[in-house]
Amino acid sequence: MNRASLGPPAACAGRTTVLTPAVRIPEPAPGISAQRIYPWVQAAAIGVALVLITAILHIGSAPYIAFAFAGGFVIHMAARPDRIELGLTALFGLLFASIYFGIGGPWMRYFGWQWGLPASFLGMGSVQTLAIRWIRSRPESKPGYLEQLAEVALLPALCVGSMIAVGAAIYWSPATYDRLLYVFDFKLGGPPSWVVGKLFRSERWVYVLCGSVYNSLPLGLAICLAAQAWERKQKRMPLVDLRWLSVALGIAGFVLYQVCPAAGPAYLFPSDFPQRLPDLAGVAIQPALMQQVPRNGMPSLHVGWTMLLCWNMRRRSKWIAAGTAVYLTLTALATLGLGEHYLIDLVVAMPLGLAVQAGCTRGAGRERNLAMAAGALLTLGWLIALRTGLALAIPSGAVAQAAVAGTLVLSFGLLWRLERAAIRNSIAGISAGRATLAA
């Protein structure tokens, strides 16, 4: 049969059907596929990043970053991980510790190092373990693991960012306003930093206790975050999410550090603090160059954070209220006795906390706007007055003390009104929802 006898190709409804030979797709060559390798490359990259962060920031001699990772470990343990996660966390923690000390990472015996340093490496293990579980989980499980990883990594990320920002501020602000803050503290009856500092030197146990509390701020914050995480699982939504509150206060505080930068009396008078009180006659009341130390004021974020933790946790029980109040008191004493802050730094932290609390409070209506505006105006007013020296025109004694007392009373009064409004509106919203369902 010749080719012409086959006739035209078969046609159907004007379309031509063309028969093509079957093509056999070759099977992949044996070996490890790229899809299997890629998740492990991601996990390894996270591990390398953790090693670099802790090596550059010296986790062994930096209590702030150490306790931040320790806080991440606490949040991880509060979620009750299974035995596999516990084993991996401990294994990775041991690995990270071996790498850090194997490369000669520095360490020192700071307040609380006995439990803060080991827990910091376990916190690194928590981040690594949860990262692996997130990377290797099924698509439907990824959001849950990602949320848990974000909660554990939040405090380390916040503290790493703050350390970088504070370190950079040393070069942005070579001159500080410590001398003006020191003079203003005299108007309040004498710088209390020297009084508390002498107490620390005479009572060693007070020194150690307050120093440990001061260093452990990220850990205290982690405990509160873990409590709120448990409440969210119980479908109990707090009025203020402490995660966003902590981040917002940190960002606001570091921005405000540039308005009236200060280092603290221990750096202003390193040879005199706290044994000898320098005479005002020998102090030039003007900005001056400061040695390369962190500009962590003003205001005091340590006091701002602990004040907001105390305020937001106090309603849970009398024991929690008492514990957070003690924690706030010891932190305030530590900021003064260690020479890290002036008394006015602690005062200005209150209206800043008010403004941030208002910004993060849900459903407070007009009270929210009033609290935000009042807190922001009070904070900026004090910072500008201290930077320009206008605050030094306030008469010493009763007038200066009244200005400070008025700031504190107004701040806490507006905090109370803000909370009342949020609770009232929340109850009204629940009642309206129930009425709608009943209808």
# chains A, B, ... in the order shown; residues from 1 in each chain; ligands from 1
>>> residues_around(residues="Gly253 in chain A", least_positions_apart="2", cutoff="9 Å", atoms="only C-alpha atoms", output="PyMOL selection string")
chain A and resi 248-251+255-257+297-301+349+352
>>> write_last_selection(atoms="C-alpha atoms", output="PDB file, in the first residue's frame")
ATOM      1  CA  ALA A 248       6.290  49.796  70.653  1.00  0.00           C
ATOM      2  CA  LEU A 249       7.902  50.999  73.889  1.00  0.00           C
ATOM      3  CA  GLY A 250      11.319  49.871  72.701  1.00  0.00           C
ATOM      4  CA  ILE A 251      11.044  51.692  69.382  1.00  0.00           C
ATOM      5  CA  VAL A 255      13.919  57.286  69.143  1.00  0.00           C
ATOM      6  CA  LEU A 256      13.532  59.565  72.161  1.00  0.00           C
ATOM      7  CA  TYR A 257      17.061  58.735  73.312  1.00  0.00           C
ATOM      8  CA  GLY A 297      18.646  57.518  78.651  1.00  0.00           C
ATOM      9  CA  MET A 298      16.554  59.372  78.852  1.00  0.00           C
ATOM     10  CA  PRO A 299      13.941  58.129  79.736  1.00  0.00           C
ATOM     11  CA  SER A 300      14.536  54.800  81.490  1.00  0.00           C
ATOM     12  CA  LEU A 301      13.063  51.970  79.431  1.00  0.00           C
ATOM     13  CA  ALA A 349       9.305  56.985  81.779  1.00  0.00           C
ATOM     14  CA  LEU A 352       5.963  57.623  77.913  1.00  0.00           C
TER      15      LEU A 352
END
>>> closest_atom_pairs(of="range 100-159 of chain A", to="range 226-229 of chain A", cutoff="10 Å", atoms="only C-alpha atoms", output="JSON lines")
{"residue": "A:Gln148", "atom": "CA", "partner": "A:Ala229", "partner_atom": "CA", "distance": 9.6}
{"residue": "A:Glu151", "atom": "CA", "partner": "A:Ala229", "partner_atom": "CA", "distance": 8.7}
{"residue": "A:Val152", "atom": "CA", "partner": "A:Ala226", "partner_atom": "CA", "distance": 9.5}
>>> write_last_selection(atoms="C-alpha atoms", output="compact mmCIF listing (two decimals), in the first residue's frame")
# COMPACT_ATOMS: atom_id res chain seq x y z
CA GLN A 148 5.22 29.83 68.10
CA GLU A 151 6.83 34.32 70.09
CA VAL A 152 10.06 32.60 71.16
>>> residues_around(residues="Ala97 in chain A", least_positions_apart="5", cutoff="10 Å", atoms="only C-alpha atoms", output="PDB file with N, CA and C atoms, in the first residue's frame")
ATOM      1  N   VAL A  51      24.724  31.696  65.661  1.00  0.00           N
ATOM      2  CA  VAL A  51      26.115  31.691  66.114  1.00  0.00           C
ATOM      3  C   VAL A  51      26.763  33.052  65.882  1.00  0.00           C
ATOM      4  N   GLY A  60      28.101  35.747  76.206  1.00  0.00           N
ATOM      5  CA  GLY A  60      28.658  35.359  77.501  1.00  0.00           C
ATOM      6  C   GLY A  60      28.944  36.524  78.424  1.00  0.00           C
ATOM      7  N   PHE A  92      20.740  21.076  70.843  1.00  0.00           N
ATOM      8  CA  PHE A  92      21.195  22.280  70.149  1.00  0.00           C
ATOM      9  C   PHE A  92      21.798  23.287  71.129  1.00  0.00           C
ATOM     10  N   GLY A 102      34.142  27.290  72.222  1.00  0.00           N
ATOM     11  CA  GLY A 102      35.203  26.721  71.408  1.00  0.00           C
ATOM     12  C   GLY A 102      35.923  27.751  70.569  1.00  0.00           C
ATOM     13  N   GLY A 105      34.712  32.660  72.786  1.00  0.00           N
ATOM     14  CA  GLY A 105      33.778  33.722  73.123  1.00  0.00           C
ATOM     15  C   GLY A 105      33.969  34.216  74.547  1.00  0.00           C
ATOM     16  N   LEU A 117      23.113  32.488  81.882  1.00  0.00           N
ATOM     17  CA  LEU A 117      23.968  32.059  80.774  1.00  0.00           C
ATOM     18  C   LEU A 117      23.586  30.676  80.257  1.00  0.00           C
ATOM     19  N   PRO A 118      23.429  29.639  81.128  1.00  0.00           N
ATOM     20  CA  PRO A 118      22.992  28.334  80.587  1.00  0.00           C
ATOM     21  C   PRO A 118      21.642  28.408  79.882  1.00  0.00           C
ATOM     22  N   SER A 120      20.434  30.863  78.328  1.00  0.00           N
ATOM     23  CA  SER A 120      20.541  31.580  77.057  1.00  0.00           C
ATOM     24  C   SER A 120      20.859  30.622  75.915  1.00  0.00           C
ATOM     25  N   PHE A 121      21.751  29.664  76.160  1.00  0.00           N
ATOM     26  CA  PHE A 121      22.060  28.684  75.115  1.00  0.00           C
ATOM     27  C   PHE A 121      20.875  27.758  74.870  1.00  0.00           C
ATOM     28  N   LEU A 122      20.127  27.430  75.918  1.00  0.00           N
ATOM     29  CA  LEU A 122      18.905  26.651  75.720  1.00  0.00           C
ATOM     30  C   LEU A 122      17.887  27.446  74.898  1.00  0.00           C
ATOM     31  N   MET A 124      18.657  29.579  72.556  1.00  0.00           N
ATOM     32  CA  MET A 124      19.106  29.432  71.175  1.00  0.00           C
ATOM     33  C   MET A 124      18.659  28.087  70.622  1.00  0.00           C
ATOM     34  N   GLY A 125      18.733  27.055  71.460  1.00  0.00           N
ATOM     35  CA  GLY A 125      18.254  25.740  71.051  1.00  0.00           C
ATOM     36  C   GLY A 125      16.772  25.734  70.755  1.00  0.00           C
TER      37      GLY A 125
END
>>> closest_residue(among="A:Trp194, A:Ala222, A:Tyr145, A:Arg236", to="Asp272 in chain A", atoms="only C-alpha atoms")
A:Trp194
>>> residues_around(residues="Ile46 in chain A", least_positions_apart="6", cutoff="9 Å", atoms="only C-alpha atoms", output="list in words")
Val127, Gln128 and Ala131 of chain A
>>> residues_around(residues="range 378-383 of chain A", least_positions_apart="3", cutoff="9 Å", atoms="only C-alpha atoms", output="ChimeraX atom specification")
/A:256,259-260,298-299,348-352,355,373-375,386-388,391,407,411
>>> residues_around(residues="range 319-324 of chain A", least_positions_apart="4", cutoff="9 Å", atoms="only C-alpha atoms", output="list in words")
Thr306, Met307, Leu309, Cys310, Trp311, Met313, Arg314, Arg315, Leu328 and Thr329 of chain A
>>> select_by_dssp(residues="range 54-268 of chain A", states="alpha helix (DSSP H)", output="VMD selection string")
chain A and resid 54 to 57 63 to 78 83 to 102 113 to 136 142 to 172 178 to 187 192 to 202 204 to 215 217 to 233 242 to 256 265 to 268
>>> closest_residue(among="A:Ala252, A:Leu245, A:Leu209, A:Ala332", to="Ile344 in chain A", atoms="only C-alpha atoms")
A:Ala332
>>> atom_distance(atom1="CA of Pro156 in chain A", atom2="CA of Gly116 in chain A")
13.4 Å
>>> closest_residue(among="A:Leu415, A:Leu289, A:Ala90, A:Val399", to="Pro174 in chain A", atoms="only C-alpha atoms")
A:Leu289
>>> closest_atom_pairs(of="range 287-365 of chain A", to="range 202-207 of chain A", cutoff="9 Å", atoms="only C-alpha atoms", output="Markdown table")
| residue | atom | partner | partner_atom | distance |
| --- | --- | --- | --- | --- |
| A:Ala334 | CA | A:Tyr207 | CA | 8.0 |
| A:Gly337 | CA | A:Tyr207 | CA | 8.1 |
| A:Leu338 | CA | A:Tyr207 | CA | 8.6 |
>>> atom_distance(atom1="CA of Tyr177 in chain A", atom2="CA of Ala263 in chain A")
8.5 Å
>>> residues_around(residues="Ile132 in chain A", least_positions_apart="2", cutoff="12 Å", atoms="only C-alpha atoms", output="mmCIF file with N, CA and C atoms, in the first residue's frame")
data_model
loop_
_atom_site.group_PDB
_atom_site.id
_atom_site.type_symbol
_atom_site.label_atom_id
_atom_site.label_comp_id
_atom_site.auth_asym_id
_atom_site.auth_seq_id
_atom_site.Cartn_x
_atom_site.Cartn_y
_atom_site.Cartn_z
ATOM 1 N N TYR A 38 17.046 21.368 50.501
ATOM 2 C CA TYR A 38 16.774 22.783 50.759
ATOM 3 C C TYR A 38 16.315 23.063 52.184
ATOM 4 N N PRO A 39 15.382 22.293 52.784
ATOM 5 C CA PRO A 39 14.990 22.577 54.177
ATOM 6 C C PRO A 39 16.152 22.499 55.152
ATOM 7 N N TRP A 40 17.075 21.551 54.907
ATOM 8 C CA TRP A 40 18.212 21.457 55.818
ATOM 9 C C TRP A 40 19.182 22.617 55.632
ATOM 10 N N VAL A 41 19.264 23.111 54.399
ATOM 11 C CA VAL A 41 20.093 24.301 54.163
ATOM 12 C C VAL A 41 19.508 25.497 54.898
ATOM 13 N N GLN A 42 18.164 25.625 54.870
ATOM 14 C CA GLN A 42 17.508 26.710 55.604
ATOM 15 C C GLN A 42 17.784 26.605 57.105
ATOM 16 N N ALA A 43 17.639 25.399 57.642
ATOM 17 C CA ALA A 43 17.873 25.205 59.076
ATOM 18 C C ALA A 43 19.321 25.517 59.445
ATOM 19 N N ALA A 44 20.245 25.086 58.583
ATOM 20 C CA ALA A 44 21.656 25.367 58.848
ATOM 21 C C ALA A 44 21.939 26.861 58.799
ATOM 22 N N ALA A 45 21.280 27.577 57.885
ATOM 23 C CA ALA A 45 21.478 29.026 57.785
ATOM 24 C C ALA A 45 21.011 29.724 59.052
ATOM 25 N N ILE A 46 19.891 29.265 59.621
ATOM 26 C CA ILE A 46 19.402 29.860 60.868
ATOM 27 C C ILE A 46 20.393 29.593 61.991
ATOM 28 N N GLY A 47 20.942 28.388 62.039
ATOM 29 C CA GLY A 47 21.933 28.084 63.060
ATOM 30 C C GLY A 47 23.176 28.942 62.941
ATOM 31 N N GLU A 85 10.969 17.614 71.086
ATOM 32 C CA GLU A 85 11.383 19.023 71.115
ATOM 33 C C GLU A 85 12.317 19.305 72.291
ATOM 34 N N LEU A 88 15.782 17.859 71.381
ATOM 35 C CA LEU A 88 16.451 18.663 70.368
ATOM 36 C C LEU A 88 16.902 20.005 70.933
ATOM 37 N N THR A 89 16.062 20.606 71.779
ATOM 38 C CA THR A 89 16.424 21.895 72.379
ATOM 39 C C THR A 89 17.677 21.769 73.228
ATOM 40 N N PHE A 92 20.740 21.076 70.843
ATOM 41 C CA PHE A 92 21.195 22.280 70.149
ATOM 42 C C PHE A 92 21.798 23.287 71.129
ATOM 43 N N GLY A 125 18.733 27.055 71.460
ATOM 44 C CA GLY A 125 18.254 25.740 71.051
ATOM 45 C C GLY A 125 16.772 25.734 70.755
ATOM 46 N N SER A 126 16.000 26.496 71.529
ATOM 47 C CA SER A 126 14.562 26.598 71.281
ATOM 48 C C SER A 126 14.279 27.216 69.917
ATOM 49 N N VAL A 127 14.987 28.304 69.605
ATOM 50 C CA VAL A 127 14.798 28.958 68.310
ATOM 51 C C VAL A 127 15.147 28.004 67.179
ATOM 52 N N GLN A 128 16.268 27.287 67.305
ATOM 53 C CA GLN A 128 16.689 26.368 66.252
ATOM 54 C C GLN A 128 15.693 25.212 66.085
ATOM 55 N N THR A 129 15.242 24.655 67.197
ATOM 56 C CA THR A 129 14.306 23.526 67.141
ATOM 57 C C THR A 129 12.990 23.932 66.491
ATOM 58 N N LEU A 130 12.428 25.047 66.917
ATOM 59 C CA LEU A 130 11.154 25.490 66.353
ATOM 60 C C LEU A 130 11.309 25.904 64.890
ATOM 61 N N TRP A 134 9.157 24.248 61.923
ATOM 62 C CA TRP A 134 8.392 25.095 61.001
ATOM 63 C C TRP A 134 8.772 24.799 59.553
ATOM 64 N N ILE A 135 10.065 24.686 59.289
ATOM 65 C CA ILE A 135 10.530 24.452 57.920
ATOM 66 C C ILE A 135 10.048 23.102 57.394
ATOM 67 N N ARG A 136 10.068 22.083 58.229
ATOM 68 C CA ARG A 136 9.769 20.724 57.782
ATOM 69 C C ARG A 136 8.312 20.317 58.011
ATOM 70 N N SER A 137 7.478 21.210 58.505
ATOM 71 C CA SER A 137 6.090 20.850 58.783
ATOM 72 C C SER A 137 5.260 20.858 57.508
ATOM 73 N N ARG A 138 4.092 20.242 57.587
ATOM 74 C CA ARG A 138 3.153 20.249 56.466
ATOM 75 C C ARG A 138 2.587 21.653 56.278
ATOM 76 N N LYS A 142 2.135 24.830 59.162
ATOM 77 C CA LYS A 142 3.157 25.889 59.176
ATOM 78 C C LYS A 142 2.726 27.149 59.936
ATOM 79 N N TYR A 145 3.273 26.669 63.756
ATOM 80 C CA TYR A 145 4.682 26.626 64.137
ATOM 81 C C TYR A 145 5.350 27.986 63.948
ATOM 82 N N LEU A 146 4.943 28.711 62.905
ATOM 83 C CA LEU A 146 5.530 30.036 62.678
ATOM 84 C C LEU A 146 5.152 30.995 63.803
ATOM 85 N N LEU A 149 7.262 30.085 66.800
ATOM 86 C CA LEU A 149 8.641 30.520 66.579
ATOM 87 C C LEU A 149 8.762 32.027 66.761
#
>>> atom_distance(atom1="CA of Tyr342 in chain A", atom2="CA of Pro395 in chain A")
18.5 Å
